[in-house]
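Written below as structure tokens is the structure these notes are about.
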Amino acid sequence: MKNSMRQFAKKIIFLSGLFFLFPVFSQEKKSAKQIYDKALEEENVQESIAFIRSNIDFSSTQGDRRSLLYVMASLQEQLGLYNEASRNYALAAGIAAPDAAGLPKVSAEQLVIDAVRTALCAGEFETADSYLNSAVRSTKNESIRAYVNLYSVWSDLCKATSVEETAESRALLNAYITMPSMKSVKPALLLTLWYLTDEKQYADSLQKEFPYSPETGIVKGNVQVMSAPFWYFVPRAEHSLTENYSSPSTDAAKAQAVKTEKSAVKSSDGKNDVPAEKTSVQKTKRQQLGLFKNEEYANDLIKKLKAKGFNGYFYKETRSSGTTYYIVVVDENKDGTMGLKLRDSGFECYEVE
């Protein structure tokens, strides 16, 4: 009788163990389309990304994984999470497998180009260069080759520290706009030249050849400059557009600032003028409004924020390239509405930690 009871108890313990282990071993493999469709049911883009990230290891094939990495990177790029997007585009490019059924088809070369673009938007010029110097540089695809040439110039422009240092890039851009092989990126070439030089000929060419392009909208002032790093970092001629562009480089704002804190810069008369630099070791939510090479531009934006009742400040980050950036932020409020208030007041912003 005792032996029977012992055997029964062992069975109960064994079955209990299986019960607790069952959810782990019973996770079914899912197709990329199933995971993607489920992700679309989430309330917002952030939750869709989180859902894909938590389920990607259960995708059925390497092709499914590749497609999910691409979709996740695309969503991250929309949110301005450029560093994460670049990493996932590159991971997808490294998977030699066919695209998943029911999801967008994209070549490995295009994925590398996407990784380059988002690395540039994150300010990671060395990473962008490493991708550009991969096999994609010897591509036979004319469109891909055009983007390789364009992004190579953009990377060089982002590293320039004076207008004089952009001369070689300007000459190259002027050569590119005459080449039939570069026609697919000609609007971007013309916009870059216009931005660098403020010469009317480039604006006129854009409006004549590409009247309905976003680049023409920027020249006319109907469209806001979006997320390419040289819009913020490249030395350029005096221009009709404001120097204080908002920067969507959210990854940059995640860096921890130095421990010392300056709450204000004193003007020559000894009075507190601009709350210039504030740093914190605590992880708090903020709204990022700008990322600049020039401290003066950061302070100009802070003054505009102060004028409308916002307590803006900047902190500094030095990248691996040696360039120091001044990142302008406003702390999130308790009810999480600071972003809405800033946008209502005319400021573009992005939530960061």
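Quick note on naming: the chains in the structure tokens go A, B, ... in the order shown, residues restart at 1 in each chain, and ligands are numbered from 1 in order of appearance.
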Tell me which protein, DNA and RNA residues are within 12 Å of A:Leu157, counting only C-alpha atoms, leaving out same-chain ones fewer than 5 positions away, and put them as a PyMOL selection string. chain A and resi 120+123+125+150-152+162-170+172-173+192-193+195-196+228-236
Using N, CA and C atoms, can you write the selected residues to a file as a PDB file, in the first residue's frame?
```pdb
ATOM      1  N   LEU A 120      22.664  56.807 -40.837  1.00  0.00           N
ATOM      2  CA  LEU A 120      22.928  58.235 -41.023  1.00  0.00           C
ATOM      3  C   LEU A 120      21.988  59.082 -40.177  1.00  0.00           C
ATOM      4  N   GLY A 123      23.010  59.426 -36.807  1.00  0.00           N
ATOM      5  CA  GLY A 123      24.287  60.093 -36.617  1.00  0.00           C
ATOM      6  C   GLY A 123      25.453  59.133 -36.525  1.00  0.00           C
ATOM      7  N   PHE A 125      27.784  57.711 -38.475  1.00  0.00           N
ATOM      8  CA  PHE A 125      28.367  57.788 -39.806  1.00  0.00           C
ATOM      9  C   PHE A 125      29.354  56.653 -40.075  1.00  0.00           C
ATOM     10  N   LEU A 150      24.698  58.575 -53.472  1.00  0.00           N
ATOM     11  CA  LEU A 150      24.065  59.665 -52.726  1.00  0.00           C
ATOM     12  C   LEU A 150      24.410  59.592 -51.244  1.00  0.00           C
ATOM     13  N   TYR A 151      24.240  58.418 -50.642  1.00  0.00           N
ATOM     14  CA  TYR A 151      24.467  58.284 -49.213  1.00  0.00           C
ATOM     15  C   TYR A 151      25.938  58.428 -48.854  1.00  0.00           C
ATOM     16  N   SER A 152      26.826  58.084 -49.771  1.00  0.00           N
ATOM     17  CA  SER A 152      28.260  58.289 -49.525  1.00  0.00           C
ATOM     18  C   SER A 152      28.566  59.784 -49.405  1.00  0.00           C
ATOM     19  N   SER A 162      33.156  72.733 -41.680  1.00  0.00           N
ATOM     20  CA  SER A 162      33.108  74.093 -42.217  1.00  0.00           C
ATOM     21  C   SER A 162      32.549  74.046 -43.634  1.00  0.00           C
ATOM     22  N   VAL A 163      32.087  75.188 -44.114  1.00  0.00           N
ATOM     23  CA  VAL A 163      31.546  75.267 -45.472  1.00  0.00           C
ATOM     24  C   VAL A 163      32.620  74.892 -46.486  1.00  0.00           C
ATOM     25  N   GLU A 164      33.862  75.295 -46.212  1.00  0.00           N
ATOM     26  CA  GLU A 164      34.961  74.994 -47.121  1.00  0.00           C
ATOM     27  C   GLU A 164      35.151  73.489 -47.302  1.00  0.00           C
ATOM     28  N   GLU A 165      34.906  72.728 -46.260  1.00  0.00           N
ATOM     29  CA  GLU A 165      35.099  71.278 -46.322  1.00  0.00           C
ATOM     30  C   GLU A 165      34.026  70.570 -47.147  1.00  0.00           C
ATOM     31  N   THR A 166      32.985  71.284 -47.535  1.00  0.00           N
ATOM     32  CA  THR A 166      31.923  70.675 -48.355  1.00  0.00           C
ATOM     33  C   THR A 166      32.172  70.859 -49.858  1.00  0.00           C
ATOM     34  N   ALA A 167      33.248  71.545 -50.233  1.00  0.00           N
ATOM     35  CA  ALA A 167      33.493  71.883 -51.644  1.00  0.00           C
ATOM     36  C   ALA A 167      33.577  70.643 -52.531  1.00  0.00           C
ATOM     37  N   GLU A 168      34.310  69.629 -52.086  1.00  0.00           N
ATOM     38  CA  GLU A 168      34.456  68.414 -52.887  1.00  0.00           C
ATOM     39  C   GLU A 168      33.113  67.702 -53.057  1.00  0.00           C
ATOM     40  N   SER A 169      32.334  67.667 -52.002  1.00  0.00           N
ATOM     41  CA  SER A 169      31.010  67.034 -52.074  1.00  0.00           C
ATOM     42  C   SER A 169      30.092  67.794 -53.022  1.00  0.00           C
ATOM     43  N   ARG A 170      30.159  69.127 -52.990  1.00  0.00           N
ATOM     44  CA  ARG A 170      29.326  69.932 -53.894  1.00  0.00           C
ATOM     45  C   ARG A 170      29.693  69.662 -55.349  1.00  0.00           C
ATOM     46  N   LEU A 172      30.945  66.939 -56.542  1.00  0.00           N
ATOM     47  CA  LEU A 172      30.471  65.595 -56.874  1.00  0.00           C
ATOM     48  C   LEU A 172      28.963  65.603 -57.129  1.00  0.00           C
ATOM     49  N   LEU A 173      28.227  66.324 -56.303  1.00  0.00           N
ATOM     50  CA  LEU A 173      26.771  66.420 -56.483  1.00  0.00           C
ATOM     51  C   LEU A 173      26.423  67.071 -57.812  1.00  0.00           C
ATOM     52  N   THR A 192      19.812  68.780 -51.922  1.00  0.00           N
ATOM     53  CA  THR A 192      21.044  68.876 -51.138  1.00  0.00           C
ATOM     54  C   THR A 192      21.880  70.069 -51.583  1.00  0.00           C
ATOM     55  N   LEU A 193      22.011  70.250 -52.889  1.00  0.00           N
ATOM     56  CA  LEU A 193      22.779  71.383 -53.414  1.00  0.00           C
ATOM     57  C   LEU A 193      22.127  72.715 -53.051  1.00  0.00           C
ATOM     58  N   TYR A 195      20.229  73.273 -50.485  1.00  0.00           N
ATOM     59  CA  TYR A 195      20.385  73.448 -49.044  1.00  0.00           C
ATOM     60  C   TYR A 195      21.789  73.935 -48.698  1.00  0.00           C
ATOM     61  N   LEU A 196      22.780  73.375 -49.378  1.00  0.00           N
ATOM     62  CA  LEU A 196      24.169  73.732 -49.091  1.00  0.00           C
ATOM     63  C   LEU A 196      24.523  75.143 -49.539  1.00  0.00           C
ATOM     64  N   ALA A 228      16.923  63.480 -42.262  1.00  0.00           N
ATOM     65  CA  ALA A 228      18.232  63.137 -42.816  1.00  0.00           C
ATOM     66  C   ALA A 228      19.234  63.995 -42.074  1.00  0.00           C
ATOM     67  N   PRO A 229      20.319  63.418 -41.607  1.00  0.00           N
ATOM     68  CA  PRO A 229      21.161  64.116 -40.646  1.00  0.00           C
ATOM     69  C   PRO A 229      21.790  65.402 -41.138  1.00  0.00           C
ATOM     70  N   PHE A 230      22.110  65.506 -42.431  1.00  0.00           N
ATOM     71  CA  PHE A 230      22.771  66.734 -42.843  1.00  0.00           C
ATOM     72  C   PHE A 230      21.872  67.946 -42.744  1.00  0.00           C
ATOM     73  N   TRP A 231      20.564  67.748 -42.656  1.00  0.00           N
ATOM     74  CA  TRP A 231      19.691  68.906 -42.453  1.00  0.00           C
ATOM     75  C   TRP A 231      20.075  69.639 -41.171  1.00  0.00           C
ATOM     76  N   TYR A 232      20.648  68.910 -40.222  1.00  0.00           N
ATOM     77  CA  TYR A 232      20.980  69.517 -38.938  1.00  0.00           C
ATOM     78  C   TYR A 232      22.476  69.742 -38.757  1.00  0.00           C
ATOM     79  N   PHE A 233      23.303  68.933 -39.399  1.00  0.00           N
ATOM     80  CA  PHE A 233      24.719  68.911 -39.066  1.00  0.00           C
ATOM     81  C   PHE A 233      25.642  69.565 -40.091  1.00  0.00           C
ATOM     82  N   VAL A 234      25.220  69.702 -41.348  1.00  0.00           N
ATOM     83  CA  VAL A 234      26.135  70.121 -42.400  1.00  0.00           C
ATOM     84  C   VAL A 234      26.343  71.633 -42.416  1.00  0.00           C
ATOM     85  N   PRO A 235      27.586  72.065 -42.478  1.00  0.00           N
ATOM     86  CA  PRO A 235      27.846  73.506 -42.628  1.00  0.00           C
ATOM     87  C   PRO A 235      27.298  73.965 -43.977  1.00  0.00           C
ATOM     88  N   ARG A 236      26.643  75.117 -44.010  1.00  0.00           N
ATOM     89  CA  ARG A 236      26.021  75.567 -45.241  1.00  0.00           C
ATOM     90  C   ARG A 236      25.942  77.076 -45.297  1.00  0.00           C
TER      91      ARG A 236
END
```
What parts of stretch 301-341 of chain A does DSSP call helix (DSSP H, G or I)? I'd like the answer as an MDAnalysis selection string. chainID A and resid 301:307 338:341
Selection to disk with N, CA and C atoms, as a short mmCIF file (atom, residue, chain, number, x, y, z; two decimals), in the first residue's frame:
```
data_model
loop_
_atom_site.label_atom_id
_atom_site.label_comp_id
_atom_site.auth_asym_id
_atom_site.auth_seq_id
_atom_site.Cartn_x
_atom_site.Cartn_y
_atom_site.Cartn_z
N LEU A 301 17.01 77.82 -29.49
CA LEU A 301 15.77 77.04 -29.37
C LEU A 301 15.24 77.07 -27.94
N ILE A 302 16.15 77.02 -26.97
CA ILE A 302 15.74 77.07 -25.57
C ILE A 302 15.05 78.40 -25.26
N LYS A 303 15.58 79.50 -25.84
CA LYS A 303 14.96 80.82 -25.63
C LYS A 303 13.53 80.84 -26.18
N LYS A 304 13.34 80.23 -27.36
CA LYS A 304 12.00 80.18 -27.95
C LYS A 304 11.05 79.36 -27.09
N LEU A 305 11.58 78.27 -26.51
CA LEU A 305 10.76 77.46 -25.61
C LEU A 305 10.37 78.26 -24.36
N LYS A 306 11.35 78.96 -23.79
CA LYS A 306 11.09 79.78 -22.60
C LYS A 306 10.03 80.84 -22.89
N ALA A 307 10.08 81.41 -24.08
CA ALA A 307 9.14 82.47 -24.44
C ALA A 307 7.70 81.97 -24.46
N MET A 338 2.90 66.58 -22.34
CA MET A 338 3.85 67.62 -22.73
C MET A 338 4.05 67.66 -24.25
N GLY A 339 4.09 66.48 -24.88
CA GLY A 339 4.26 66.43 -26.33
C GLY A 339 3.15 67.17 -27.06
N LEU A 340 1.91 66.96 -26.61
CA LEU A 340 0.76 67.62 -27.23
C LEU A 340 0.85 69.14 -27.05
N LYS A 341 1.27 69.56 -25.85
CA LYS A 341 1.37 71.00 -25.58
C LYS A 341 2.45 71.65 -26.44
#
```
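Atom CA of A:Glu332 is found 4.8 Å from atom CA of A:Arg286.
Residues with any atom within 9 Å of stretch 30-38 of chain A, counting only C-alpha atoms and excluding same-chain neighbours fewer than 6 positions away, are Ser48, Phe51, Ile52, Asn55, Ile56, Phe58, Ser59, Ser60, Thr61, Gly63, Asp64, Arg65, Arg66, Ser67, Leu68, Val71, Ala100, Ala101, Gly102 and Leu103 of chain A.
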Expected file contents, prior selection, all heavy atoms, as a CSV table (one decimal), in the first residue's frame:
```csv
chain,number,residue,atom,x,y,z
A,48,SER,N,2.9,47.4,-31.4
A,48,SER,CA,3.1,46.5,-32.5
A,48,SER,C,4.5,46.1,-32.6
A,48,SER,O,4.8,44.9,-32.8
A,48,SER,CB,2.7,47.2,-33.8
A,48,SER,OG,1.3,47.5,-33.8
A,51,PHE,N,5.1,43.6,-29.8
A,51,PHE,CA,4.6,42.3,-30.1
A,51,PHE,C,5.4,41.5,-31.1
A,51,PHE,O,5.7,40.3,-30.9
A,51,PHE,CB,3.1,42.4,-30.7
A,51,PHE,CG,2.4,41.1,-31.0
A,51,PHE,CD1,1.7,40.5,-30.0
A,51,PHE,CD2,2.5,40.5,-32.2
A,51,PHE,CE1,1.1,39.3,-30.2
A,51,PHE,CE2,1.9,39.3,-32.5
A,51,PHE,CZ,1.2,38.7,-31.5
A,52,ILE,N,5.9,42.1,-32.2
A,52,ILE,CA,6.8,41.4,-33.1
A,52,ILE,C,8.0,41.0,-32.4
A,52,ILE,O,8.5,39.8,-32.6
A,52,ILE,CB,7.1,42.4,-34.3
A,52,ILE,CG1,5.8,42.7,-35.1
A,52,ILE,CG2,8.1,41.7,-35.2
A,52,ILE,CD1,6.0,43.7,-36.2
A,55,ASN,N,7.6,37.9,-30.4
A,55,ASN,CA,7.2,36.7,-31.1
A,55,ASN,C,8.1,36.2,-32.2
A,55,ASN,O,7.9,35.2,-32.8
A,55,ASN,CB,5.8,36.9,-31.7
A,55,ASN,CG,4.7,36.8,-30.6
A,55,ASN,OD1,4.2,35.7,-30.3
A,55,ASN,ND2,4.3,37.9,-30.1
A,56,ILE,N,9.1,37.0,-32.5
A,56,ILE,CA,9.9,36.8,-33.7
A,56,ILE,C,10.7,35.5,-33.6
A,56,ILE,O,11.0,34.8,-34.5
A,56,ILE,CB,10.9,38.0,-34.0
A,56,ILE,CG1,11.5,37.9,-35.4
A,56,ILE,CG2,12.0,38.0,-32.9
A,56,ILE,CD1,12.2,39.1,-35.8
A,58,PHE,N,9.6,32.8,-32.5
A,58,PHE,CA,8.7,31.7,-32.7
A,58,PHE,C,8.2,31.6,-34.2
A,58,PHE,O,7.3,30.9,-34.5
A,58,PHE,CB,7.5,31.8,-31.8
A,58,PHE,CG,7.9,31.8,-30.3
A,58,PHE,CD1,7.7,32.9,-29.6
A,58,PHE,CD2,8.4,30.6,-29.7
A,58,PHE,CE1,8.1,32.9,-28.2
A,58,PHE,CE2,8.8,30.6,-28.4
A,58,PHE,CZ,8.6,31.8,-27.6
A,59,SER,N,8.9,32.4,-35.0
A,59,SER,CA,8.5,32.4,-36.5
A,59,SER,C,8.9,31.1,-37.1
A,59,SER,O,9.9,30.5,-36.7
A,59,SER,CB,9.2,33.6,-37.2
A,59,SER,OG,10.6,33.7,-36.9
A,60,SER,N,8.2,30.7,-38.1
A,60,SER,CA,8.4,29.3,-38.6
A,60,SER,C,9.7,29.1,-39.3
A,60,SER,O,10.3,28.0,-39.2
A,60,SER,CB,7.2,29.0,-39.6
A,60,SER,OG,6.0,29.1,-38.9
A,61,THR,N,10.1,30.0,-40.1
A,61,THR,CA,11.3,29.8,-41.0
A,61,THR,C,12.2,31.0,-40.9
A,61,THR,O,11.9,32.1,-40.3
A,61,THR,CB,10.9,29.6,-42.4
A,61,THR,OG1,10.4,30.9,-42.9
A,61,THR,CG2,9.9,28.5,-42.6
A,63,GLY,N,13.1,32.7,-43.4
A,63,GLY,CA,12.4,33.7,-44.3
A,63,GLY,C,11.4,34.5,-43.5
A,63,GLY,O,11.3,35.7,-43.7
A,64,ASP,N,10.6,33.9,-42.6
A,64,ASP,CA,9.7,34.6,-41.8
A,64,ASP,C,10.4,35.6,-40.9
A,64,ASP,O,10.0,36.7,-40.7
A,64,ASP,CB,8.9,33.6,-40.9
A,64,ASP,CG,7.9,32.8,-41.8
A,64,ASP,OD1,7.1,33.5,-42.6
A,64,ASP,OD2,7.8,31.6,-41.7
A,65,ARG,N,11.5,35.1,-40.3
A,65,ARG,CA,12.3,36.0,-39.4
A,65,ARG,C,12.8,37.2,-40.2
A,65,ARG,O,12.8,38.3,-39.7
A,65,ARG,CB,13.5,35.2,-38.8
A,65,ARG,CG,14.3,36.0,-37.8
A,65,ARG,CD,15.4,35.1,-37.2
A,65,ARG,NE,16.1,35.9,-36.2
A,65,ARG,CZ,15.8,36.0,-35.0
A,65,ARG,NH1,14.7,35.4,-34.5
A,65,ARG,NH2,16.5,36.7,-34.1
A,66,ARG,N,13.3,37.0,-41.4
A,66,ARG,CA,13.8,38.1,-42.2
A,66,ARG,C,12.8,39.1,-42.5
A,66,ARG,O,13.0,40.3,-42.3
A,66,ARG,CB,14.3,37.5,-43.5
A,66,ARG,CG,15.0,38.5,-44.5
A,66,ARG,CD,15.4,37.7,-45.8
A,66,ARG,NE,16.1,38.5,-46.7
A,66,ARG,CZ,15.6,39.3,-47.6
A,66,ARG,NH1,14.3,39.4,-47.7
A,66,ARG,NH2,16.4,40.0,-48.4
A,67,SER,N,11.6,38.7,-42.9
A,67,SER,CA,10.5,39.6,-43.2
A,67,SER,C,10.0,40.3,-41.9
A,67,SER,O,9.7,41.5,-42.0
A,67,SER,CB,9.3,38.8,-43.8
A,67,SER,OG,9.7,38.4,-45.1
A,68,LEU,N,10.0,39.7,-40.8
A,68,LEU,CA,9.6,40.3,-39.5
A,68,LEU,C,10.6,41.4,-39.1
A,68,LEU,O,10.2,42.4,-38.6
A,68,LEU,CB,9.4,39.3,-38.4
A,68,LEU,CG,8.1,38.4,-38.6
A,68,LEU,CD1,8.1,37.3,-37.5
A,68,LEU,CD2,6.8,39.3,-38.4
A,71,VAL,N,9.9,44.4,-41.3
A,71,VAL,CA,8.7,45.1,-40.9
A,71,VAL,C,9.0,45.9,-39.6
A,71,VAL,O,8.6,47.0,-39.4
A,71,VAL,CB,7.5,44.1,-40.7
A,71,VAL,CG1,6.4,44.8,-40.0
A,71,VAL,CG2,7.1,43.6,-42.0
A,100,ALA,N,8.9,36.1,-46.7
A,100,ALA,CA,7.7,35.4,-46.2
A,100,ALA,C,6.5,35.6,-47.1
A,100,ALA,O,6.4,36.7,-47.6
A,100,ALA,CB,7.4,35.7,-44.8
A,101,ALA,N,5.7,34.7,-47.2
A,101,ALA,CA,4.4,34.8,-48.0
A,101,ALA,C,3.5,35.9,-47.4
A,101,ALA,O,3.4,35.9,-46.1
A,101,ALA,CB,3.7,33.5,-48.1
A,102,GLY,N,3.0,36.8,-48.2
A,102,GLY,CA,2.0,37.7,-47.7
A,102,GLY,C,2.6,39.0,-47.1
A,102,GLY,O,1.9,39.9,-46.7
A,103,LEU,N,4.0,39.1,-47.1
A,103,LEU,CA,4.6,40.3,-46.6
A,103,LEU,C,5.5,40.9,-47.8
A,103,LEU,O,5.8,40.3,-48.8
A,103,LEU,CB,5.5,40.0,-45.4
A,103,LEU,CG,4.7,39.7,-44.2
A,103,LEU,CD1,5.7,39.4,-43.0
A,103,LEU,CD2,3.8,40.8,-43.8
```
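The coordinates place atom CA of A:Val330 at 7.2 Å from atom CA of A:Phe310.
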